[in-house]
Structure formats: C-alpha cells, structure tokens
$ cat start08.cif   # mmCIF, C-alpha atoms
data_protein
loop_
_atom_site.group_PDB
_atom_site.id
_atom_site.type_symbol
_atom_site.label_atom_id
_atom_site.label_comp_id
_atom_site.auth_asym_id
_atom_site.auth_seq_id
_atom_site.Cartn_x
_atom_site.Cartn_y
_atom_site.Cartn_z
ATOM 1 C CA MET A 1 69.650 96.610 -166.730
ATOM 2 C CA ALA A 2 71.559 94.801 -164.099
ATOM 3 C CA THR A 3 69.933 94.119 -160.767
ATOM 4 C CA ARG A 4 72.001 94.543 -157.760
ATOM 5 C CA ARG A 5 71.841 91.748 -155.272
ATOM 6 C CA THR A 6 72.538 92.278 -151.613
ATOM 7 C CA HIS A 7 73.836 89.452 -149.598
ATOM 8 C CA ILE A 8 72.016 88.914 -146.277
ATOM 9 C CA LYS A 9 73.988 86.935 -143.770
ATOM 10 C CA PRO A 10 71.986 84.000 -142.370
ATOM 11 C CA ILE A 11 71.369 83.844 -138.624
ATOM 12 C CA THR A 12 73.720 81.359 -137.055
ATOM 13 C CA THR A 13 73.889 79.705 -133.682
ATOM 14 C CA ASP A 14 76.749 81.996 -132.666
ATOM 15 C CA THR A 15 74.683 85.077 -133.510
ATOM 16 C CA MET A 16 71.763 83.766 -131.448
ATOM 17 C CA LYS A 17 74.028 82.991 -128.474
ATOM 18 C CA THR A 18 75.511 86.481 -128.606
ATOM 19 C CA THR A 19 72.069 88.085 -128.821
ATOM 20 C CA MET A 20 70.712 86.032 -125.899
ATOM 21 C CA THR A 21 73.789 86.824 -123.809
ATOM 22 C CA LEU A 22 73.362 90.566 -124.418
ATOM 23 C CA ILE A 23 69.654 90.427 -123.543
ATOM 24 C CA THR A 24 70.414 88.470 -120.350
ATOM 25 C CA LEU A 25 73.089 90.968 -119.300
ATOM 26 C CA ALA A 26 70.745 93.888 -119.953
ATOM 27 C CA LEU A 27 68.024 92.291 -117.808
ATOM 28 C CA ALA A 28 70.500 91.486 -115.032
ATOM 29 C CA GLY A 29 71.698 95.082 -115.015
ATOM 30 C CA THR A 30 68.130 96.367 -114.806
ATOM 31 C CA LEU A 31 67.308 94.034 -111.897
ATOM 32 C CA ALA A 32 70.494 95.020 -110.052
ATOM 33 C CA ALA A 33 69.615 98.709 -110.422
ATOM 34 C CA GLN A 34 66.104 98.082 -109.097
ATOM 35 C CA ALA A 35 67.453 96.114 -106.127
ATOM 36 C CA GLN A 36 69.643 99.057 -105.155
ATOM 37 C CA ASP A 37 66.597 101.333 -105.164
ATOM 38 C CA ALA A 38 64.655 99.031 -102.780
ATOM 39 C CA PRO A 39 63.952 100.485 -99.312
ATOM 40 C CA ARG A 40 66.374 99.401 -96.631
ATOM 41 C CA ARG A 41 65.777 98.661 -92.941
ATOM 42 C CA GLU A 42 67.073 102.098 -91.888
ATOM 43 C CA ASN A 43 64.280 103.741 -93.912
ATOM 44 C CA ARG A 44 61.544 101.934 -91.966
ATOM 45 C CA GLY A 45 62.077 103.722 -88.676
ATOM 46 C CA PRO A 46 63.066 102.319 -85.297
ATOM 47 C CA ARG A 47 62.176 98.747 -84.444
ATOM 48 C CA GLN A 48 59.466 98.287 -81.846
ATOM 49 C CA VAL A 49 60.835 96.794 -78.632
ATOM 50 C CA PRO A 50 58.757 93.835 -77.409
ATOM 51 C CA PRO A 51 56.822 94.616 -74.207
ATOM 52 C CA ALA A 52 58.472 91.752 -72.307
ATOM 53 C CA VAL A 53 61.920 93.230 -73.054
ATOM 54 C CA LEU A 54 60.782 96.693 -71.953
ATOM 55 C CA GLU A 55 59.329 95.267 -68.768
ATOM 56 C CA GLU A 56 62.594 93.548 -67.880
ATOM 57 C CA PHE A 57 65.173 96.120 -69.009
ATOM 58 C CA ASP A 58 63.532 99.587 -68.964
ATOM 59 C CA LYS A 59 64.913 100.570 -65.557
ATOM 60 C CA ASP A 60 64.007 104.283 -65.767
ATOM 61 C CA GLY A 61 60.412 103.502 -66.845
ATOM 62 C CA ASP A 62 60.326 105.901 -69.820
ATOM 63 C CA GLY A 63 58.914 103.269 -72.207
ATOM 64 C CA LYS A 64 62.066 102.928 -74.294
ATOM 65 C CA LEU A 65 65.561 101.543 -73.886
ATOM 66 C CA ASN A 66 68.441 103.970 -73.510
ATOM 67 C CA ASP A 67 71.966 102.923 -74.545
ATOM 68 C CA GLU A 68 72.770 101.331 -71.176
ATOM 69 C CA GLU A 69 69.475 99.424 -70.999
ATOM 70 C CA SER A 70 69.802 98.316 -74.620
ATOM 71 C CA LYS A 71 73.320 97.022 -73.966
ATOM 72 C CA ALA A 72 72.092 95.086 -70.921
ATOM 73 C CA ALA A 73 69.250 93.562 -73.000
ATOM 74 C CA ARG A 74 71.646 92.530 -75.798
ATOM 75 C CA GLU A 75 74.069 90.959 -73.317
ATOM 76 C CA ALA A 76 71.253 89.068 -71.590
ATOM 77 C CA MET A 77 69.917 87.760 -74.906
ATOM 78 C CA GLN A 78 73.401 86.743 -75.998
ATOM 79 C CA ALA A 79 73.900 84.885 -72.699
ATOM 80 C CA LYS A 80 70.549 83.100 -73.184
ATOM 81 C CA ARG A 81 71.499 82.071 -76.739
ATOM 82 C CA GLU A 82 74.869 80.781 -75.544
ATOM 83 C CA GLU A 83 73.193 78.838 -72.731
ATOM 84 C CA ALA A 84 70.719 77.323 -75.217
ATOM 85 C CA ARG A 85 73.589 76.426 -77.583
ATOM 86 C CA LYS A 86 75.476 74.666 -74.784
ATOM 87 C CA LYS A 87 72.318 72.805 -73.777
ATOM 88 C CA MET A 88 71.761 71.672 -77.402
ATOM 89 C CA ILE A 89 75.334 70.426 -77.670
ATOM 90 C CA ALA A 90 75.091 68.610 -74.346
ATOM 91 C CA GLU A 91 71.879 66.896 -75.440
ATOM 92 C CA PHE A 92 72.600 66.113 -79.106
ATOM 93 C CA ASP A 93 76.412 65.902 -79.505
ATOM 94 C CA LYS A 94 76.655 62.112 -79.571
ATOM 95 C CA ASP A 95 80.291 61.902 -80.745
ATOM 96 C CA GLY A 96 81.498 64.358 -78.055
ATOM 97 C CA ASP A 97 83.424 66.676 -80.387
ATOM 98 C CA GLY A 98 81.791 69.832 -78.999
ATOM 99 C CA LYS A 99 79.783 70.619 -82.126
ATOM 100 C CA LEU A 100 76.831 69.188 -84.016
ATOM 101 C CA ASN A 101 77.464 67.301 -87.240
ATOM 102 C CA ASP A 102 74.752 66.964 -89.913
ATOM 103 C CA GLU A 103 73.135 63.929 -88.289
ATOM 104 C CA GLU A 104 73.150 65.517 -84.820
ATOM 105 C CA SER A 105 71.799 68.815 -86.212
ATOM 106 C CA LYS A 106 68.985 66.946 -87.922
ATOM 107 C CA ALA A 107 68.090 65.213 -84.650
ATOM 108 C CA ALA A 108 68.124 68.571 -82.824
ATOM 109 C CA ARG A 109 65.890 70.184 -85.481
ATOM 110 C CA GLU A 110 63.429 67.296 -85.335
ATOM 111 C CA ALA A 111 63.287 67.469 -81.541
ATOM 112 C CA MET A 112 62.654 71.224 -81.626
ATOM 113 C CA GLN A 113 59.946 70.827 -84.273
ATOM 114 C CA ALA A 114 58.254 68.158 -82.162
ATOM 115 C CA LYS A 115 58.454 70.418 -79.083
ATOM 116 C CA ARG A 116 57.004 73.375 -81.025
ATOM 117 C CA LYS A 117 54.216 71.196 -82.390
ATOM 118 C CA ALA A 118 53.333 69.952 -78.901
ATOM 119 C CA LEU A 119 53.323 73.509 -77.540
ATOM 120 C CA VAL A 120 51.096 74.737 -80.358
ATOM 121 C CA GLU A 121 48.673 71.856 -79.792
ATOM 122 C CA LYS A 122 48.567 72.616 -76.068
ATOM 123 C CA TYR A 123 48.441 76.462 -76.069
ATOM 124 C CA ASP A 124 46.912 77.478 -79.433
ATOM 125 C CA ALA A 125 43.633 78.734 -77.995
ATOM 126 C CA ASN A 126 42.334 80.275 -81.238
ATOM 127 C CA LYS A 127 43.340 77.202 -83.290
ATOM 128 C CA ASN A 128 45.157 79.209 -85.998
ATOM 129 C CA GLY A 129 48.117 76.829 -86.073
ATOM 130 C CA ARG A 130 50.623 79.122 -84.339
ATOM 131 C CA LEU A 131 51.155 80.761 -80.987
ATOM 132 C CA ASP A 132 50.104 84.391 -80.877
ATOM 133 C CA PRO A 133 51.711 86.741 -78.318
ATOM 134 C CA GLU A 134 49.029 86.077 -75.705
ATOM 135 C CA GLU A 135 49.407 82.309 -76.136
ATOM 136 C CA VAL A 136 53.207 82.539 -75.843
ATOM 137 C CA LYS A 137 52.737 84.535 -72.653
ATOM 138 C CA ALA A 138 50.348 81.899 -71.264
ATOM 139 C CA ALA A 139 52.831 79.120 -72.051
ATOM 140 C CA ARG A 140 55.670 81.012 -70.345
ATOM 141 C CA GLU A 141 53.514 81.719 -67.299
ATOM 142 C CA ALA A 142 52.797 77.990 -67.115
ATOM 143 C CA GLY A 143 56.555 77.406 -66.881
ATOM 144 C CA GLU A 144 57.062 76.066 -70.407
ATOM 145 C CA GLU A 145 60.475 76.355 -71.983
ATOM 146 C CA LEU A 146 59.789 77.780 -75.415
ATOM 147 C CA PRO A 147 62.362 76.884 -78.067
ATOM 148 C CA MET A 148 62.965 79.961 -80.215
ATOM 149 C CA MET A 149 59.424 81.223 -79.667
ATOM 150 C CA ARG A 150 58.952 84.889 -78.905
ATOM 151 C CA ALA A 151 55.810 86.921 -78.815
ATOM 152 C CA GLY A 152 55.893 88.961 -82.001
ATOM 153 C CA ALA A 153 58.374 86.681 -83.766
ATOM 154 C CA ARG A 154 57.871 85.848 -87.413
ATOM 155 C CA GLY A 155 55.440 83.004 -87.721
ATOM 156 C CA GLN A 156 54.177 83.405 -84.144
ATOM 157 C CA GLY A 157 52.208 86.609 -84.673
ATOM 158 C CA GLY A 158 53.443 90.144 -85.245
ATOM 159 C CA PRO A 159 52.745 93.255 -83.183
ATOM 160 C CA ARG A 160 49.140 93.192 -84.395
ATOM 161 C CA GLY A 161 48.879 89.391 -84.234
ATOM 162 C CA GLU A 162 49.103 88.882 -88.005
ATOM 163 C CA GLY A 163 52.330 86.833 -88.211
ATOM 164 C CA ARG A 164 53.959 85.447 -91.317
ATOM 165 C CA PRO A 165 51.940 82.780 -93.118
ATOM 166 C CA ASN A 166 53.238 79.243 -93.271
ATOM 167 C CA ARG A 167 54.752 78.236 -96.617
ATOM 168 C CA GLY A 168 51.614 76.458 -97.766
ATOM 169 C CA GLU A 169 49.397 79.415 -96.806
ATOM 170 C CA ARG A 170 51.216 82.101 -98.804
ATOM 171 C CA LYS A 171 49.110 83.760 -101.446
ATOM 172 C CA ALA A 172 50.428 84.874 -104.809
ATOM 173 C CA PRO A 173 50.777 88.675 -105.071
ATOM 174 C CA PRO A 174 48.161 90.500 -107.142
ATOM 175 C CA ALA A 175 48.977 90.845 -110.829
ATOM 176 C CA GLY A 176 51.271 93.747 -111.577
ATOM 177 C CA GLU A 177 53.135 93.691 -108.278
#

$ encode --input "start08.cif" --output "structure tokens"
Amino acid sequence: MATRRTHIKPITTDTMKTTMTLITLALAGTLAAQAQDAPRRENRGPRQVPPAVLEEFDKDGDGKLNDEESKAAREAMQAKREEARKKMIAEFDKDGDGKLNDEESKAAREAMQAKRKALVEKYDANKNGRLDPEEVKAAREAGEELPMMRAGARGQGGPRGEGRPNRGERKAPPAGE
C-alpha cells in the first residue's frame, strides 16, 4: 500500500512579515474605531465660566454670558494675548526681526518658568507646589503680573481645586482601564 505524502510549505520570512502586517493593520483599525467612539467635548455639557470673567463681563447680572457679553470677553482676552505677545517680542527678540527664533523662545520660556516658580514660592500658602484659585486671586490683588496663570487653569487647580498633577506626580491607571 502506498502512503500518500502531503507537502507542508515551511514558514518563511515573507510569510511572517505578511502575517505581522495583517495583525498590525487589524489592531490599528480596531483602535481607530474605538477612538471614534470616544466622548467629545460637545457631549460634556457647557463649559463653566470662571467667576472672574463673569464678574467683569456679565453686565446683566444673570450669572451667565449672553452672546454679546461672550463676544466682549473673547475680544478682551484676544487683546490681552496680543498685548502679551508684543511684550514678549519686545523683551526677547534680540535680532529685531519681529518674531522669536528658537534661542529667543527658549530664553522666553526659561524666564516665564522662573517667574512662575518665584510666584509659587511666594503665594503657595498650602505648599502643594501650585497656585490654587484663591492663591492666584491673592497674587493678582497684590498687583502681580501672572504669566499664563488663571484660577481654574490646568495645573493651577480646577473648579474644585484639584488641578492636573505634575508629570512626576501622575499615577498609573488601575489595571483594566
């Protein structure tokens, strides 16, 4: 009796590359589908307006900004940002070209970090390493110019004072999340 032999093709490098490519594409497709299902900003409800903004721009006193008040607040903030940008250029644009190159940007960043650090050392009453909304308010009332520091801003304390942790303080998420 004759035995029938079947020929099994050996696994080659090309077969492995093709298999790995297909697995990678399948995973990428799955991740892309999950990313599309993630909740977006519009699903989280309206953003809470900081009390200082309400105090300054809520002209009718109803506790929220109508379209006209909101437009005035946006224009005022845009004017403040433009003023701060011009001030940065005036202070750090050493070559006079009207913009900051890499070296000038680095100097500006370092100066702002030093200013923030000095403000935190001076006004951080609870010694948590950042300025909470009350501490920001105290610094402003003392006449301090706060570079990019807002009560409720990320890293300076949220609406409940929790803030975003510094990079070194972040905890790994629980297993399974």

$ atom_distance --input "start08.cif" --atom1 "atom CA of Pro51 of chain A" --atom2 "atom CA of Lys71 of chain A"
16.7 Å

$ atom_distance --input "start08.cif" --atom1 "atom CA of Arg81 of chain A" --atom2 "atom CA of Asn128 of chain A"
28.1 Å

$ residues_around --input "start08.cif" --residues "segment 98-100 of chain A" --least-positions-apart "3" --cutoff "12 Å" --atoms "all atoms listed in the file" --output "list in words"
Arg85, Lys86, Lys87, Met88, Ile89, Ala90, Glu91, Phe92, Asp93, Lys94, Asp95, Glu103, Glu104, Ser105, Lys106, Ala107, Ala108 and Arg109 of chain A

$ atom_distance --input "start08.cif" --atom1 "atom CA of Glu145 of chain A" --atom2 "atom CA of Asp60 of chain A"
28.8 Å

$ resolve_selection --input "start08.cif" --expression "the PyMOL selection byres ((chain A and resi 58) around 12)" --output "PyMOL selection string"
chain A and resi 49-57+59-73

$ write_last_selection --input "start08.cif" --atoms "C-alpha atoms" --output "mmCIF file, in the coordinates of the input"
data_model
loop_
_atom_site.group_PDB
_atom_site.id
_atom_site.type_symbol
_atom_site.label_atom_id
_atom_site.label_comp_id
_atom_site.auth_asym_id
_atom_site.auth_seq_id
_atom_site.Cartn_x
_atom_site.Cartn_y
_atom_site.Cartn_z
ATOM 1 C CA VAL A 49 60.835 96.794 -78.632
ATOM 2 C CA PRO A 50 58.757 93.835 -77.409
ATOM 3 C CA PRO A 51 56.822 94.616 -74.207
ATOM 4 C CA ALA A 52 58.472 91.752 -72.307
ATOM 5 C CA VAL A 53 61.920 93.230 -73.054
ATOM 6 C CA LEU A 54 60.782 96.693 -71.953
ATOM 7 C CA GLU A 55 59.329 95.267 -68.768
ATOM 8 C CA GLU A 56 62.594 93.548 -67.880
ATOM 9 C CA PHE A 57 65.173 96.120 -69.009
ATOM 10 C CA LYS A 59 64.913 100.570 -65.557
ATOM 11 C CA ASP A 60 64.007 104.283 -65.767
ATOM 12 C CA GLY A 61 60.412 103.502 -66.845
ATOM 13 C CA ASP A 62 60.326 105.901 -69.820
ATOM 14 C CA GLY A 63 58.914 103.269 -72.207
ATOM 15 C CA LYS A 64 62.066 102.928 -74.294
ATOM 16 C CA LEU A 65 65.561 101.543 -73.886
ATOM 17 C CA ASN A 66 68.441 103.970 -73.510
ATOM 18 C CA ASP A 67 71.966 102.923 -74.545
ATOM 19 C CA GLU A 68 72.770 101.331 -71.176
ATOM 20 C CA GLU A 69 69.475 99.424 -70.999
ATOM 21 C CA SER A 70 69.802 98.316 -74.620
ATOM 22 C CA LYS A 71 73.320 97.022 -73.966
ATOM 23 C CA ALA A 72 72.092 95.086 -70.921
ATOM 24 C CA ALA A 73 69.250 93.562 -73.000
#

$ closest_residue --input "start08.cif" --among "A:Gln48, A:Glu144, A:Met16, A:Thr30" --to "Lys115 of chain A" --atoms "only C-alpha atoms"
A:Glu144

$ closest_residue --input "start08.cif" --among "A:Glu110, A:Thr18, A:Leu119, A:Gly129" --to "Ala142 of chain A" --atoms "only C-alpha atoms"
A:Leu119

$ resolve_selection --input "start08.cif" --expression "the PyMOL selection byres ((chain A and resi 118) around 12)" --output "PyMOL selection string"
chain A and resi 111-117+119-124+129-131+139+144-147

$ axis_aligned_box --input "start08.cif" --around "segment 112-129 of chain A" --padding-each-side "3 Å" --output "lines of an AutoDock Vina configuration file"
center_x = 52.5
center_y = 74.2
center_z = -81.1
size_x = 26.3
size_y = 18.1
size_z = 16.0
